[in-house]
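Below: one structure, written as structure tokens.
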Amino acid sequence: MSVLYHGGAPDLKPGDYIEPGHSRDNYDDCPICRARREKGADAIEGTGHPEQVYCTRYRDYAAFYASMYGKGDVYQVRPVGDLIESDEDFEGCYRCDRLVVVRAVERHVILTPKRRRKVIRLMQRMSDGPCINLLPRNATPEMVERYAAREYADMRYIMREAERSIE
């Protein structure tokens with residue numbers, strides 16, 4: 001088995017267990033967080049297996065989830081119990097009853113736009129979707145500004161949908 005990573009709650013130490021029930025729905029003013037608290041697995045972007053925890057072979061994918069926690073950490077982990085291939089994600093993503101932290105590999109993760117694009121490309125490639133290069137490596141400031149405006153509009157749409165789902 002290759003090295004596995006988990007992105008989530010900050011400040012865990014080697015030997016600590018990561019168990020189901022720890023979520024990133026901890027921001028009161030976030031509509032997605034409120035929807036998760038109120039609707040659980042049926043919420044927008046909810047997990048289909050709240051009784052299990054997730055890990056992946058891809059450090060950047062774990063960093064993506066750590067960043068959504070709000071300056072969370074990325075850990076190298078070891079599964080406790082059977083490791084099941086995730087039916088919600090792509091190949092290389094797994095779930096199990098709980099994980100044990102081997103070591104912290106990144107602390108207080110905030111994804112840069114460049115790394116976020118890298119994760120999006122990874123998800124598209126692994127999901128057999130078209131690998132759309134959202135911004136070329138030599139993007140001009142205007143291109144970056146337009147990209148940021150589109151990202152902001154997409155996030156506002158997701159937030160509105162989350163608000164509607166809990167009304």
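We name chains A, B, ... following the order of the structure tokens; residues begin at 1 in each chain, and ligands are numbered from 1 as shown.
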Checklist entry - DSSP on the backbone: what in segment 43-150 of chain A comes out strand (DSSP E), as number ranges by chain? => result A: 53-56, 73-80, 84-85, 93-96, 98-106
Would you pick out the contacts of segment 48-58 of chain A at 7 Å or less, using only C-alpha atoms, so that residues sharing its chain but fewer than 4 positions from it are not included, and give the list as a PDB file with N, CA and C atoms, in the first residue's frame?
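So the final result, stored in out03.pdb, reads:
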ATOM      1  N   SER A   2       0.524   2.186  -0.801  1.00  0.00           N
ATOM      2  CA  SER A   2       1.288   3.431  -0.858  1.00  0.00           C
ATOM      3  C   SER A   2       0.936   4.321   0.341  1.00  0.00           C
ATOM      4  N   VAL A   3       1.606   5.445   0.446  1.00  0.00           N
ATOM      5  CA  VAL A   3       1.367   6.398   1.521  1.00  0.00           C
ATOM      6  C   VAL A   3      -0.038   6.978   1.362  1.00  0.00           C
ATOM      7  N   LEU A   4      -0.758   7.113   2.474  1.00  0.00           N
ATOM      8  CA  LEU A   4      -2.103   7.675   2.463  1.00  0.00           C
ATOM      9  C   LEU A   4      -2.125   8.992   3.224  1.00  0.00           C
ATOM     10  N   TYR A   5      -2.979   9.902   2.758  1.00  0.00           N
ATOM     11  CA  TYR A   5      -3.091  11.223   3.367  1.00  0.00           C
ATOM     12  C   TYR A   5      -4.538  11.518   3.743  1.00  0.00           C
ATOM     13  N   HIS A   6      -4.684  12.364   4.735  1.00  0.00           N
ATOM     14  CA  HIS A   6      -6.009  12.860   5.148  1.00  0.00           C
ATOM     15  C   HIS A   6      -5.872  14.345   5.422  1.00  0.00           C
ATOM     16  N   GLU A  19     -11.592   9.966  13.618  1.00  0.00           N
ATOM     17  CA  GLU A  19     -12.800   9.143  13.652  1.00  0.00           C
ATOM     18  C   GLU A  19     -13.948   9.869  12.970  1.00  0.00           C
ATOM     19  N   PRO A  20     -14.979   9.127  12.570  1.00  0.00           N
ATOM     20  CA  PRO A  20     -16.148   9.777  11.963  1.00  0.00           C
ATOM     21  C   PRO A  20     -16.769  10.773  12.930  1.00  0.00           C
ATOM     22  N   GLY A  21     -17.432  11.747  12.354  1.00  0.00           N
ATOM     23  CA  GLY A  21     -18.109  12.733  13.186  1.00  0.00           C
ATOM     24  C   GLY A  21     -17.393  14.064  13.236  1.00  0.00           C
ATOM     25  N   ALA A  41     -25.997  13.940   5.294  1.00  0.00           N
ATOM     26  CA  ALA A  41     -25.530  13.393   4.022  1.00  0.00           C
ATOM     27  C   ALA A  41     -26.329  13.904   2.831  1.00  0.00           C
ATOM     28  N   ALA A  62      -5.773  15.833  -0.499  1.00  0.00           N
ATOM     29  CA  ALA A  62      -5.950  15.967   0.954  1.00  0.00           C
ATOM     30  C   ALA A  62      -5.797  17.432   1.370  1.00  0.00           C
ATOM     31  N   GLY A  92      -7.837   5.754  -6.006  1.00  0.00           N
ATOM     32  CA  GLY A  92      -6.809   6.293  -5.117  1.00  0.00           C
ATOM     33  C   GLY A  92      -7.399   6.966  -3.891  1.00  0.00           C
ATOM     34  N   CYS A  93      -8.729   6.955  -3.789  1.00  0.00           N
ATOM     35  CA  CYS A  93      -9.415   7.507  -2.616  1.00  0.00           C
ATOM     36  C   CYS A  93     -10.122   6.354  -1.902  1.00  0.00           C
ATOM     37  N   TYR A  94     -10.012   6.351  -0.590  1.00  0.00           N
ATOM     38  CA  TYR A  94     -10.513   5.237   0.205  1.00  0.00           C
ATOM     39  C   TYR A  94     -11.284   5.736   1.413  1.00  0.00           C
ATOM     40  N   ARG A  95     -12.004   4.817   2.070  1.00  0.00           N
ATOM     41  CA  ARG A  95     -12.670   5.100   3.334  1.00  0.00           C
ATOM     42  C   ARG A  95     -12.496   3.905   4.263  1.00  0.00           C
ATOM     43  N   CYS A  96     -12.554   4.173   5.555  1.00  0.00           N
ATOM     44  CA  CYS A  96     -12.429   3.111   6.547  1.00  0.00           C
ATOM     45  C   CYS A  96     -13.063   3.593   7.860  1.00  0.00           C
ATOM     46  N   ASP A  97     -13.070   2.727   8.871  1.00  0.00           N
ATOM     47  CA  ASP A  97     -13.726   3.060  10.133  1.00  0.00           C
ATOM     48  C   ASP A  97     -13.022   4.177  10.893  1.00  0.00           C
ATOM     49  N   ARG A  98     -11.712   4.191  10.850  1.00  0.00           N
ATOM     50  CA  ARG A  98     -10.946   5.281  11.459  1.00  0.00           C
ATOM     51  C   ARG A  98      -9.508   5.216  10.973  1.00  0.00           C
TER      52      ARG A  98
END
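Distances here use only C-alpha atoms; by that measure, the residue among A:Val74, A:Met143, A:Ala153, A:Ile166 closest to Arg107 of chain A is A:Val74.
Shortest separation to Ala66 of chain A among A:Ile110, A:Ile158, A:Val105, A:Ile84 occurs at residue A:Ile110, atoms counted being only C-alpha atoms.
Between Glu106 of chain A and the residues A:Ala162, A:Ala63, A:Val77, A:Met155, the shortest atom-to-atom distance, using only C-alpha atoms, involves A:Ala63.
Among the candidates A:Arg125, A:Arg146, A:Arg103, A:Arg164, the residue lying nearest to Phe90 of chain A is A:Arg125 (atoms considered: only C-alpha atoms).
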Next on the checklist: Please report the interatomic distance between atom CA of Pro79 of chain A and atom CA of Val101 of chain A in Å with one decimal.
Outcome noted: 9.0 Å
Next on the checklist: Need to verify the contact set: segment 11-15 of chain A, 10 Å, only C-alpha atoms, exclusion of same-chain residues closer than 3 positions in sequence. Can you return it as number ranges by chain?
Outcome noted: A: 8, 18, 72-78, 99-104, 107-108
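Taking atom CA of Leu111 of chain A and atom CA of Ser67 of chain A as the two end points, the separation is 6.3 Å.
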Next on the checklist: So the first atom is atom CA of Met68 of chain A and the second is atom CA of Arg116 of chain A; what is the distance between them in Å, to one decimal place?
Outcome noted: 11.4 Å
Item to check | Nearest-residue call for Arg115 of chain A, choices A:Tyr147, A:Tyr17, A:Tyr69, A:Tyr61, using only C-alpha atoms | outcome: A:Tyr61
